[in-house]
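So this one's entry-v1.pdb, PDB, C-alpha atoms:
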ATOM      1  CA  MET U 240       0.000   0.000   0.000
ATOM      2  CA  GLY U 241       1.041   3.545  -0.607
ATOM      3  CA  GLY U 242       3.740   2.720  -3.162
ATOM      4  CA  PRO U 243       5.777   5.334  -4.964
ATOM      5  CA  GLU U 244       2.766   6.443  -6.927
ATOM      6  CA  VAL U 245       1.204   8.054  -3.832
ATOM      7  CA  GLN U 246       4.265   9.202  -1.949
ATOM      8  CA  ALA U 247       4.799  12.927  -1.684
ATOM      9  CA  GLY U 248       6.953  14.088  -4.559
ATOM     10  CA  GLY U 249       6.917  10.676  -6.261
ATOM     11  CA  TRP U 250       3.394  10.428  -7.614
ATOM     12  CA  LEU U 251       3.591  13.797  -9.282
ATOM     13  CA  HIS U 252       6.937  13.559 -11.041
ATOM     14  CA  ARG U 253       6.973   9.978 -12.211
ATOM     15  CA  PRO U 254       3.500   8.664 -13.033
ATOM     16  CA  THR U 255       1.981  12.056 -13.874
ATOM     17  CA  LEU U 256       4.815  13.575 -15.899
ATOM     18  CA  ARG U 257       6.505  10.481 -17.242
ATOM     19  CA  GLY U 258       3.526   8.151 -17.422
ATOM     20  CA  SER U 259       0.737   7.744 -19.922
ATOM     21  CA  ALA U 260      -0.832  11.137 -19.161
ATOM     22  CA  SER U 261       2.460  12.878 -19.845
ATOM     23  CA  TRP U 262       2.989  11.024 -23.093
ATOM     24  CA  ALA U 263      -0.589  11.818 -24.119
ATOM     25  CA  LYS U 264       0.078  15.504 -23.493
ATOM     26  CA  ARG U 265       3.297  15.390 -25.469
ATOM     27  CA  GLY U 266       1.505  13.590 -28.279
ATOM     28  CA  MET U 267      -1.144  16.306 -28.384
ATOM     29  CA  ALA U 268       1.595  18.950 -28.350
ATOM     30  CA  ARG U 269       3.307  17.324 -31.326
ATOM     31  CA  LEU U 270       0.001  17.252 -33.234
ATOM     32  CA  ASP U 271      -0.525  20.931 -32.409
ATOM     33  CA  GLU U 272       2.955  21.739 -33.707
ATOM     34  CA  ILE U 273       2.309  19.878 -36.967
ATOM     35  CA  GLY U 274      -0.960  21.779 -37.396
ATOM     36  CA  ILE U 275       0.718  25.124 -36.662
ATOM     37  CA  LEU U 276       3.528  24.404 -39.103
ATOM     38  CA  GLY U 277       0.952  23.451 -41.738
ATOM     39  CA  ALA U 278      -0.934  26.698 -41.125
ATOM     40  CA  PHE U 279       2.298  28.689 -41.450
ATOM     41  CA  LEU U 280       3.175  27.045 -44.763
ATOM     42  CA  ALA U 281      -0.378  27.611 -46.037
ATOM     43  CA  ILE U 282      -0.224  31.321 -45.141
ATOM     44  CA  CYS U 283       3.142  31.643 -46.890
ATOM     45  CA  ALA U 284       1.737  29.936 -50.008
ATOM     46  CA  ILE U 285      -1.324  32.212 -50.100
ATOM     47  CA  LEU U 286       0.770  35.364 -49.710
ATOM     48  CA  THR U 287       3.212  34.176 -52.376
ATOM     49  CA  VAL U 288       0.342  33.987 -54.880
ATOM     50  CA  THR U 289      -1.507  37.142 -53.801
ATOM     51  CA  THR U 290       1.610  39.360 -53.643
ATOM     52  CA  ASP U 291       3.100  38.267 -56.987
ATOM     53  CA  ASP U 292       6.054  36.589 -55.290
ATOM     54  CA  LYS U 293       7.058  39.818 -53.502
ATOM     55  CA  SER U 294       7.034  37.929 -50.205
ATOM     56  CA  LEU U 295       9.756  35.602 -51.543
ATOM     57  CA  ARG U 296      12.279  38.336 -52.252
ATOM     58  CA  ALA U 297      15.458  37.935 -50.229
ATOM     59  CA  ALA U 298      15.246  41.389 -48.642
ATOM     60  CA  ASN U 299      11.669  40.744 -47.548
ATOM     61  CA  ILE U 300      12.477  37.338 -46.070
ATOM     62  CA  LEU U 301      15.363  38.839 -44.096
ATOM     63  CA  SER U 302      13.130  41.618 -42.779
ATOM     64  CA  VAL U 303      10.306  39.264 -41.740
ATOM     65  CA  SER U 304      12.608  36.737 -40.088
ATOM     66  CA  ARG U 305      14.416  39.474 -38.153
ATOM     67  CA  GLN U 306      11.120  40.925 -36.927
ATOM     68  CA  ALA U 307       9.872  37.484 -35.922
ATOM     69  CA  SER U 308      13.099  36.726 -34.043
ATOM     70  CA  TYR U 309      12.385  39.338 -31.365
ATOM     71  CA  TYR U 310       8.899  37.907 -30.798
ATOM     72  CA  GLY U 311      10.234  34.365 -30.958
ATOM     73  CA  ILE U 312      13.010  34.860 -28.410
ATOM     74  CA  MET U 313      10.611  36.350 -25.854
ATOM     75  CA  ALA U 314       7.921  33.782 -26.695
ATOM     76  CA  VAL U 315      10.287  31.030 -25.495
ATOM     77  CA  GLY U 316      10.235  32.598 -22.028
ATOM     78  CA  MET U 317       6.496  33.224 -22.228
ATOM     79  CA  VAL U 318       5.894  29.482 -22.726
ATOM     80  CA  PHE U 319       7.249  28.892 -19.218
ATOM     81  CA  VAL U 320       5.174  31.756 -17.775
ATOM     82  CA  ILE U 321       1.862  30.730 -19.342
ATOM     83  CA  SER U 322       2.503  27.014 -18.745
ATOM     84  CA  MET U 323       2.722  27.845 -15.058
ATOM     85  CA  GLY U 324      -0.665  29.574 -15.229
ATOM     86  CA  ASP U 325       0.608  33.175 -15.314
ATOM     87  CA  VAL U 326       0.857  35.921 -17.946
ATOM     88  CA  ASP U 327       3.556  38.604 -18.195
ATOM     89  CA  LEU U 328       2.348  41.847 -19.764
ATOM     90  CA  SER U 329       5.563  43.753 -19.101
ATOM     91  CA  VAL U 330       7.959  42.031 -21.531
ATOM     92  CA  GLY U 331       7.799  44.843 -24.080
ATOM     93  CA  SER U 332       8.600  47.405 -21.395
ATOM     94  CA  ILE U 333      11.489  45.275 -20.089
ATOM     95  CA  LEU U 334      12.929  45.219 -23.602
ATOM     96  CA  THR U 335      12.592  49.012 -23.777
ATOM     97  CA  LEU U 336      14.252  49.586 -20.399
ATOM     98  CA  VAL U 337      17.137  47.248 -21.235
ATOM     99  CA  ASN U 338      17.617  48.983 -24.596
ATOM    100  CA  VAL U 339      17.795  52.400 -22.974
ATOM    101  CA  GLY U 340      19.980  51.207 -20.084
ATOM    102  CA  MET U 341      22.545  49.638 -22.411
ATOM    103  CA  ALA U 342      22.572  52.682 -24.692
ATOM    104  CA  ILE U 343      23.163  55.023 -21.746
ATOM    105  CA  ALA U 344      26.030  52.809 -20.530
ATOM    106  CA  LEU U 345      27.631  52.844 -23.990
ATOM    107  CA  ALA U 346      27.164  56.609 -24.261
ATOM    108  CA  ALA U 347      28.934  56.991 -20.903
ATOM    109  CA  GLY U 348      31.969  55.197 -22.359
ATOM    110  CA  GLN U 349      31.468  51.859 -20.609
ATOM    111  CA  PRO U 350      32.906  48.704 -22.266
ATOM    112  CA  LEU U 351      30.517  46.788 -24.498
ATOM    113  CA  LEU U 352      30.703  43.619 -22.385
ATOM    114  CA  LEU U 353      29.821  45.576 -19.246
ATOM    115  CA  ALA U 354      26.880  47.202 -21.046
ATOM    116  CA  MET U 355      25.590  43.773 -22.112
ATOM    117  CA  LEU U 356      25.933  42.397 -18.582
ATOM    118  CA  LEU U 357      24.099  45.476 -17.313
ATOM    119  CA  GLY U 358      21.289  44.783 -19.785
ATOM    120  CA  LEU U 359      20.942  41.182 -18.591
ATOM    121  CA  LEU U 360      20.999  42.368 -14.975
ATOM    122  CA  ILE U 361      18.251  44.922 -15.653
ATOM    123  CA  GLY U 362      16.134  42.197 -17.262
ATOM    124  CA  ALA U 363      16.711  39.836 -14.327
ATOM    125  CA  ILE U 364      15.806  42.558 -11.798
ATOM    126  CA  CYS U 365      12.627  43.440 -13.693
ATOM    127  CA  GLY U 366      11.579  39.788 -13.894
ATOM    128  CA  PHE U 367      12.419  39.158 -10.244
ATOM    129  CA  THR U 368      10.438  42.268  -9.268
ATOM    130  CA  ASN U 369       7.390  40.935 -11.115
ATOM    131  CA  GLY U 370       7.668  37.585  -9.379
ATOM    132  CA  ALA U 371       8.383  39.030  -5.927
ATOM    133  CA  LEU U 372       5.445  41.451  -6.053
ATOM    134  CA  SER U 373       3.136  38.647  -7.145
ATOM    135  CA  VAL U 374       4.347  36.322  -4.377
ATOM    136  CA  VAL U 375       4.445  38.924  -1.590
ATOM    137  CA  LEU U 376       1.160  40.617  -2.473
ATOM    138  CA  ARG U 377      -0.472  37.295  -3.389
ATOM    139  CA  ILE U 378      -2.134  38.682  -6.477
ATOM    140  CA  PRO U 379      -2.114  37.314 -10.036
ATOM    141  CA  THR U 380       0.981  38.038 -12.065
ATOM    142  CA  ILE U 381      -1.132  39.508 -14.847
ATOM    143  CA  ILE U 382      -2.229  42.284 -12.462
ATOM    144  CA  VAL U 383       1.318  42.936 -11.234
ATOM    145  CA  THR U 384       2.740  43.100 -14.749
ATOM    146  CA  LEU U 385      -0.076  45.370 -15.872
ATOM    147  CA  GLY U 386       1.371  47.852 -13.380
ATOM    148  CA  THR U 387       5.039  47.216 -14.106
ATOM    149  CA  LEU U 388       4.318  47.567 -17.827
ATOM    150  CA  SER U 389       3.822  51.293 -17.201
ATOM    151  CA  LEU U 390       6.485  51.445 -14.481
ATOM    152  CA  PHE U 391       9.316  50.044 -16.601
ATOM    153  CA  ARG U 392       8.260  52.036 -19.661
ATOM    154  CA  GLY U 393       8.080  55.219 -17.596
ATOM    155  CA  LEU U 394      11.579  54.614 -16.219
ATOM    156  CA  ALA U 395      12.905  54.191 -19.757
ATOM    157  CA  LEU U 396      11.292  57.460 -20.849
ATOM    158  CA  VAL U 397      12.698  59.298 -17.832
ATOM    159  CA  LEU U 398      16.231  57.916 -18.294
ATOM    160  CA  ALA U 399      16.271  58.725 -22.010
ATOM    161  CA  ASP U 400      14.394  62.014 -21.572
ATOM    162  CA  GLY U 401      11.909  60.711 -24.126
ATOM    163  CA  LYS U 402      14.531  60.686 -26.924
ATOM    164  CA  PRO U 403      16.623  57.941 -28.561
ATOM    165  CA  VAL U 404      20.108  57.505 -27.079
ATOM    166  CA  SER U 405      22.694  56.922 -29.799
ATOM    167  CA  ASN U 406      25.742  59.101 -29.108
ATOM    168  CA  TYR U 407      28.310  56.299 -29.064
ATOM    169  CA  ASN U 408      30.568  54.454 -31.488
ATOM    170  CA  LYS U 409      28.622  52.066 -33.731
ATOM    171  CA  ASP U 410      31.645  50.894 -35.700
ATOM    172  CA  THR U 411      32.125  47.783 -33.560
ATOM    173  CA  TRP U 412      31.538  44.050 -34.002
ATOM    174  CA  PHE U 413      28.426  44.291 -31.803
ATOM    175  CA  PHE U 414      26.545  46.467 -34.287
ATOM    176  CA  GLN U 415      28.115  45.042 -37.444
ATOM    177  CA  ILE U 416      27.629  41.379 -36.567
ATOM    178  CA  GLY U 417      24.868  41.552 -33.943
ATOM    179  CA  GLY U 418      22.749  43.739 -36.206
ATOM    180  CA  GLY U 419      23.867  42.055 -39.426
ATOM    181  CA  THR U 420      23.818  38.523 -40.794
ATOM    182  CA  ILE U 421      25.778  35.295 -40.384
ATOM    183  CA  LEU U 422      25.800  32.987 -43.425
ATOM    184  CA  GLY U 423      23.075  35.155 -44.926
ATOM    185  CA  VAL U 424      20.739  34.761 -41.921
ATOM    186  CA  PRO U 425      20.075  37.637 -39.484
ATOM    187  CA  THR U 426      22.105  37.195 -36.314
ATOM    188  CA  SER U 427      18.962  37.642 -34.205
ATOM    189  CA  VAL U 428      17.429  34.623 -35.977
ATOM    190  CA  TRP U 429      20.446  32.534 -34.965
ATOM    191  CA  GLY U 430      19.879  33.870 -31.462
ATOM    192  CA  MET U 431      16.245  32.754 -31.610
ATOM    193  CA  ILE U 432      17.302  29.278 -32.723
ATOM    194  CA  VAL U 433      19.821  28.922 -29.893
ATOM    195  CA  VAL U 434      17.376  30.249 -27.282
ATOM    196  CA  GLY U 435      14.702  27.949 -28.710
ATOM    197  CA  ILE U 436      16.898  24.845 -28.450
ATOM    198  CA  LEU U 437      17.961  25.662 -24.891
ATOM    199  CA  GLY U 438      14.371  26.474 -23.938
ATOM    200  CA  PHE U 439      13.140  23.209 -25.472
ATOM    201  CA  LEU U 440      15.639  21.168 -23.471
ATOM    202  CA  LEU U 441      14.910  23.070 -20.258
ATOM    203  CA  TYR U 442      11.146  22.777 -20.700
ATOM    204  CA  ASN U 443      10.930  19.134 -21.721
ATOM    205  CA  TYR U 444      13.925  17.366 -20.204
ATOM    206  CA  THR U 445      14.665  18.895 -16.805
ATOM    207  CA  VAL U 446      13.043  18.737 -13.393
ATOM    208  CA  PHE U 447      12.608  22.504 -13.579
ATOM    209  CA  GLY U 448      10.511  22.267 -16.746
ATOM    210  CA  GLN U 449       8.491  19.346 -15.403
ATOM    211  CA  ARG U 450       7.665  21.180 -12.208
ATOM    212  CA  VAL U 451       6.635  24.311 -14.097
ATOM    213  CA  GLN U 452       4.205  22.200 -16.107
ATOM    214  CA  ALA U 453       3.033  20.417 -12.963
ATOM    215  CA  ILE U 454       2.197  23.736 -11.272
ATOM    216  CA  GLY U 455       0.163  24.810 -14.287
ATOM    217  CA  SER U 456      -1.564  21.434 -14.598
ATOM    218  CA  ASN U 457      -2.700  21.171 -10.988
ATOM    219  CA  PHE U 458      -1.704  23.942  -8.592
ATOM    220  CA  GLN U 459      -2.938  22.198  -5.439
ATOM    221  CA  ALA U 460      -1.439  18.826  -6.341
ATOM    222  CA  ALA U 461       1.919  20.485  -7.002
ATOM    223  CA  ARG U 462       1.776  22.206  -3.616
ATOM    224  CA  PHE U 463       0.841  18.989  -1.795
ATOM    225  CA  SER U 464       3.733  17.186  -3.506
ATOM    226  CA  GLY U 465       6.191  19.572  -1.875
ATOM    227  CA  ILE U 466       6.943  21.901  -4.796
ATOM    228  CA  SER U 467       7.663  25.453  -3.637
ATOM    229  CA  ILE U 468       5.185  27.426  -5.748
ATOM    230  CA  SER U 469       6.622  30.788  -4.688
ATOM    231  CA  ARG U 470      10.163  29.757  -5.564
ATOM    232  CA  TYR U 471       9.227  28.596  -9.041
ATOM    233  CA  ARG U 472       7.170  31.694  -9.749
ATOM    234  CA  LEU U 473      10.198  33.807  -8.853
ATOM    235  CA  LEU U 474      12.503  31.678 -11.011
ATOM    236  CA  VAL U 475      10.195  31.665 -14.040
ATOM    237  CA  MET U 476       9.531  35.409 -13.916
ATOM    238  CA  THR U 477      13.259  36.112 -13.539
ATOM    239  CA  LEU U 478      13.966  33.805 -16.487
ATOM    240  CA  MET U 479      11.389  35.733 -18.523
ATOM    241  CA  GLY U 480      13.153  38.989 -17.689
ATOM    242  CA  VAL U 481      16.548  37.637 -18.769
ATOM    243  CA  ILE U 482      15.148  36.305 -22.049
ATOM    244  CA  ALA U 483      13.471  39.668 -22.739
ATOM    245  CA  ALA U 484      16.864  41.277 -22.120
ATOM    246  CA  LEU U 485      18.458  38.959 -24.701
ATOM    247  CA  ALA U 486      15.884  40.084 -27.263
ATOM    248  CA  ALA U 487      16.649  43.699 -26.303
ATOM    249  CA  ILE U 488      20.381  43.178 -26.931
ATOM    250  CA  PHE U 489      19.699  41.939 -30.476
ATOM    251  CA  ALA U 490      17.248  44.792 -31.046
ATOM    252  CA  LEU U 491      19.822  47.386 -29.945
ATOM    253  CA  ALA U 492      22.472  45.838 -32.187
ATOM    254  CA  PHE U 493      20.174  46.201 -35.206
ATOM    255  CA  LEU U 494      18.549  49.563 -34.432
ATOM    256  CA  GLY U 495      21.747  51.183 -33.203
ATOM    257  CA  ALA U 496      19.918  53.345 -30.673
ATOM    258  CA  GLY U 497      18.229  52.912 -27.324
ATOM    259  CA  ASP U 498      14.787  54.210 -28.222
ATOM    260  CA  PRO U 499      12.213  54.454 -25.382
ATOM    261  CA  GLN U 500       9.509  53.884 -28.013
ATOM    262  CA  THR U 501      10.875  50.513 -29.166
ATOM    263  CA  GLY U 502       8.991  48.048 -26.995
ATOM    264  CA  PRO U 503       5.365  49.251 -26.589
ATOM    265  CA  GLY U 504       2.934  46.696 -28.013
ATOM    266  CA  LEU U 505       5.458  43.852 -28.245
ATOM    267  CA  GLU U 506       3.833  42.063 -25.317
ATOM    268  CA  LEU U 507       0.718  41.489 -27.451
ATOM    269  CA  SER U 508       2.759  39.882 -30.225
ATOM    270  CA  VAL U 509       4.722  37.712 -27.769
ATOM    271  CA  ILE U 510       1.613  36.444 -25.988
ATOM    272  CA  ALA U 511      -0.124  35.903 -29.325
ATOM    273  CA  ALA U 512       2.818  33.889 -30.677
ATOM    274  CA  THR U 513       2.831  31.722 -27.555
ATOM    275  CA  ILE U 514      -0.907  31.021 -27.673
ATOM    276  CA  ILE U 515      -0.959  30.449 -31.429
ATOM    277  CA  GLY U 516       1.928  28.031 -30.895
ATOM    278  CA  GLY U 517      -0.199  25.745 -28.749
ATOM    279  CA  THR U 518       0.556  26.840 -25.179
ATOM    280  CA  ALA U 519      -2.685  26.533 -23.213
ATOM    281  CA  LEU U 520      -3.851  29.600 -21.302
ATOM    282  CA  THR U 521      -5.069  27.229 -18.606
ATOM    283  CA  GLY U 522      -1.454  26.148 -18.012
ATOM    284  CA  GLY U 523       0.321  22.808 -17.938
ATOM    285  CA  VAL U 524       0.852  22.428 -21.701
ATOM    286  CA  GLY U 525       3.236  24.370 -23.902
ATOM    287  CA  SER U 526       5.361  24.179 -27.013
ATOM    288  CA  ILE U 527       8.658  25.992 -27.568
ATOM    289  CA  PHE U 528       8.764  25.058 -31.250
ATOM    290  CA  GLY U 529       5.128  26.082 -31.660
ATOM    291  CA  ALA U 530       5.768  29.477 -30.048
ATOM    292  CA  ILE U 531       8.553  30.220 -32.536
ATOM    293  CA  ILE U 532       6.327  29.208 -35.456
ATOM    294  CA  GLY U 533       3.617  31.414 -33.941
ATOM    295  CA  ALA U 534       6.055  34.347 -34.001
ATOM    296  CA  LEU U 535       6.777  33.665 -37.670
ATOM    297  CA  ILE U 536       3.046  33.526 -38.434
ATOM    298  CA  ILE U 537       2.437  36.937 -36.854
ATOM    299  CA  ALA U 538       5.388  38.514 -38.676
ATOM    300  CA  VAL U 539       4.344  36.990 -42.013
ATOM    301  CA  ILE U 540       0.732  38.141 -41.656
ATOM    302  CA  ARG U 541       1.784  41.700 -40.803
ATOM    303  CA  ASN U 542       4.238  41.787 -43.679
ATOM    304  CA  GLY U 543       1.674  40.299 -46.041
ATOM    305  CA  LEU U 544      -0.875  42.988 -45.220
ATOM    306  CA  ILE U 545       1.709  45.667 -46.020
ATOM    307  CA  LEU U 546       2.626  43.997 -49.325
ATOM    308  CA  LEU U 547      -1.075  43.844 -50.198
ATOM    309  CA  GLY U 548      -1.355  47.589 -49.645
ATOM    310  CA  VAL U 549      -3.417  47.303 -46.469
ATOM    311  CA  SER U 550      -2.860  49.933 -43.777
ATOM    312  CA  ALA U 551      -0.280  48.873 -41.192
ATOM    313  CA  TYR U 552      -2.801  49.701 -38.470
ATOM    314  CA  TRP U 553      -4.855  46.695 -39.547
ATOM    315  CA  SER U 554      -1.997  44.428 -38.477
ATOM    316  CA  ILE U 555      -2.929  45.057 -34.839
ATOM    317  CA  ALA U 556      -6.519  44.058 -35.539
ATOM    318  CA  ALA U 557      -5.305  41.010 -37.472
ATOM    319  CA  THR U 558      -3.167  39.937 -34.500
ATOM    320  CA  GLY U 559      -6.203  40.141 -32.231
ATOM    321  CA  LEU U 560      -8.300  38.071 -34.633
ATOM    322  CA  VAL U 561      -5.560  35.445 -34.858
ATOM    323  CA  ILE U 562      -5.418  35.230 -31.042
ATOM    324  CA  ILE U 563      -9.194  34.784 -30.778
ATOM    325  CA  ALA U 564      -9.182  32.137 -33.511
ATOM    326  CA  ALA U 565      -6.255  30.250 -31.941
ATOM    327  CA  VAL U 566      -7.824  30.234 -28.472
ATOM    328  CA  ALA U 567     -11.232  29.206 -29.845
ATOM    329  CA  ILE U 568      -9.791  26.340 -31.887
ATOM    330  CA  ASP U 569      -7.632  25.186 -28.979
ATOM    331  CA  TYR U 570     -10.652  25.252 -26.646
ATOM    332  CA  LEU U 571     -12.815  23.258 -29.040
ATOM    333  CA  ILE U 572     -10.095  20.638 -29.609
ATOM    334  CA  LYS U 573      -9.381  20.244 -25.894
ATOM    335  CA  ARG U 574     -13.107  19.996 -25.081
ATOM    336  CA  ARG U 575     -13.588  17.235 -27.630
TER
END
Starting from the file, lay out its structure as structure tokens.
Amino acid sequence: MGGPEVQAGGWLHRPTLRGSASWAKRGMARLDEIGILGAFLAICAILTVTTDDKSLRAANILSVSRQASYYGIMAVGMVFVISMGDVDLSVGSILTLVNVGMAIALAAGQPLLLAMLLGLLIGAICGFTNGALSVVLRIPTIIVTLGTLSLFRGLALVLADGKPVSNYNKDTWFFQIGGGTILGVPTSVWGMIVVGILGFLLYNYTVFGQRVQAIGSNFQAARFSGISISRYRLLVMTLMGVIAALAAIFALAFLGAGDPQTGPGLELSVIAATIIGGTALTGGVGSIFGAIIGALIIAVIRNGLILLGVSAYWSIAATGLVIIAAVAIDYLIKRR
């Protein structure tokens, strides 16, 4: 009686995550990813025909992939956040604050490496602040980050005095390589691939990833099994901040300036990419690969509307429609 399947800590991590239920979840995730990839290819095919092959031009592909890389990098972190049952609305503002902070450090004559470390530290502090406020105040992370969205953005505006910061040397490897291409592919896309691979391994093949999914699957069961919910919320939110900082570093390398207007609205695209990619808003199920494909879908749709001569403002509406459609389809599939 009371074998390992009911012992505290044992029943949750072995039978639940490694047993038939876990494999069923992973099987569903793989099917979702195949469906998302198919949808992406279908959208690309439609736009290729309707735009007279303009979407296939090398310059356009580079532009779309670079735009998607910023969403995709941050979407990797958002998979962990949403899988745990939370939502981070401040990622765009974290990117903005890191951009401005790094630019100010470079303008003050600080070494590039120190500026990059400062950017990662700012991202970690922002993420930790989100997690700590949520844990201490015992309120949903979505409410906390709704406040820090304005807080971080306001700090960036104050530090930059509302203007782009760019009075530093741009003739360095950071801007030439970081904002350029490697083997014909934007460096930020390579960054997205590396972050995606590391995120995939962390999410699917470590105790950390399993426990994040366990918390999102069944909050009370995870608590009864001995998992420190507060600790993991802090870790995941800090991880999200660091990943947002990585995206900010690539953005600064390409843009060449720390603009306090860079990040607003990015949180919508990041959350949309994550949901479109198959990560359930209810928590417990996520897909790193799907989130990256979701980022590509959003970037391709926005680019396609521009190529078709549609106002760029409609891209925001299109993103909202895609989110609603993705959530509705996911809900219907899960219910069946």
Give me the residues within 8 Å of Ile343 of chain U as a list in words, counting only C-alpha atoms and dropping any in the same chain fewer than 6 places off.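 Contacts, in chain order: Ala399, Val404 and Gly497 of chain U.
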Can you spit out the residues from that selection as a PDB file, in the frame of the given file, using C-alpha atoms?
ATOM      1  CA  ALA U 399      16.271  58.725 -22.010  1.00  0.00           C
ATOM      2  CA  VAL U 404      20.108  57.505 -27.079  1.00  0.00           C
ATOM      3  CA  GLY U 497      18.229  52.912 -27.324  1.00  0.00           C
TER       4      GLY U 497
END
Kindly resolve the PyMOL selection byres ((chain U and resi 432) around 12) on the present coordinates and return the residues as a PyMOL selection string. chain U and resi 304-305+307-309+311-313+315+424-431+433-439+527-528+530-532
Those same residues - C-alpha atoms - I'd like them written as a PDB file, in the coordinates of the input.
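Writing done, so here's again.pdb:
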ATOM      1  CA  SER U 304      12.608  36.737 -40.088  1.00  0.00           C
ATOM      2  CA  ARG U 305      14.416  39.474 -38.153  1.00  0.00           C
ATOM      3  CA  ALA U 307       9.872  37.484 -35.922  1.00  0.00           C
ATOM      4  CA  SER U 308      13.099  36.726 -34.043  1.00  0.00           C
ATOM      5  CA  TYR U 309      12.385  39.338 -31.365  1.00  0.00           C
ATOM      6  CA  GLY U 311      10.234  34.365 -30.958  1.00  0.00           C
ATOM      7  CA  ILE U 312      13.010  34.860 -28.410  1.00  0.00           C
ATOM      8  CA  MET U 313      10.611  36.350 -25.854  1.00  0.00           C
ATOM      9  CA  VAL U 315      10.287  31.030 -25.495  1.00  0.00           C
ATOM     10  CA  VAL U 424      20.739  34.761 -41.921  1.00  0.00           C
ATOM     11  CA  PRO U 425      20.075  37.637 -39.484  1.00  0.00           C
ATOM     12  CA  THR U 426      22.105  37.195 -36.314  1.00  0.00           C
ATOM     13  CA  SER U 427      18.962  37.642 -34.205  1.00  0.00           C
ATOM     14  CA  VAL U 428      17.429  34.623 -35.977  1.00  0.00           C
ATOM     15  CA  TRP U 429      20.446  32.534 -34.965  1.00  0.00           C
ATOM     16  CA  GLY U 430      19.879  33.870 -31.462  1.00  0.00           C
ATOM     17  CA  MET U 431      16.245  32.754 -31.610  1.00  0.00           C
ATOM     18  CA  VAL U 433      19.821  28.922 -29.893  1.00  0.00           C
ATOM     19  CA  VAL U 434      17.376  30.249 -27.282  1.00  0.00           C
ATOM     20  CA  GLY U 435      14.702  27.949 -28.710  1.00  0.00           C
ATOM     21  CA  ILE U 436      16.898  24.845 -28.450  1.00  0.00           C
ATOM     22  CA  LEU U 437      17.961  25.662 -24.891  1.00  0.00           C
ATOM     23  CA  GLY U 438      14.371  26.474 -23.938  1.00  0.00           C
ATOM     24  CA  PHE U 439      13.140  23.209 -25.472  1.00  0.00           C
ATOM     25  CA  ILE U 527       8.658  25.992 -27.568  1.00  0.00           C
ATOM     26  CA  PHE U 528       8.764  25.058 -31.250  1.00  0.00           C
ATOM     27  CA  ALA U 530       5.768  29.477 -30.048  1.00  0.00           C
ATOM     28  CA  ILE U 531       8.553  30.220 -32.536  1.00  0.00           C
ATOM     29  CA  ILE U 532       6.327  29.208 -35.456  1.00  0.00           C
TER      30      ILE U 532
END
Specify as a VMD selection string each residue included when the PyMOL selection byres ((chain U and resi 327) around 6) is applied to this file. chain U and resid 326 328 to 329 381 384
Could you give me, as a list in words, the residues that sit within 10 Å of (8.1, 39.1, -9.9) in the file's coordinates, counting all atoms listed in the file? Asp327, Ala363, Ile364, Cys365, Gly366, Phe367, Thr368, Asn369, Gly370, Ala371, Leu372, Ser373, Val374, Val375, Thr380, Val383, Thr384, Thr387, Ser469, Arg472, Leu473, Leu474, Val475, Met476, Thr477, Met479 and Gly480 of chain U
How many Å lie between atom CA of Ile333 of chain U and atom CA of Asn542 of chain U, rounded to one decimal? 24.9 Å
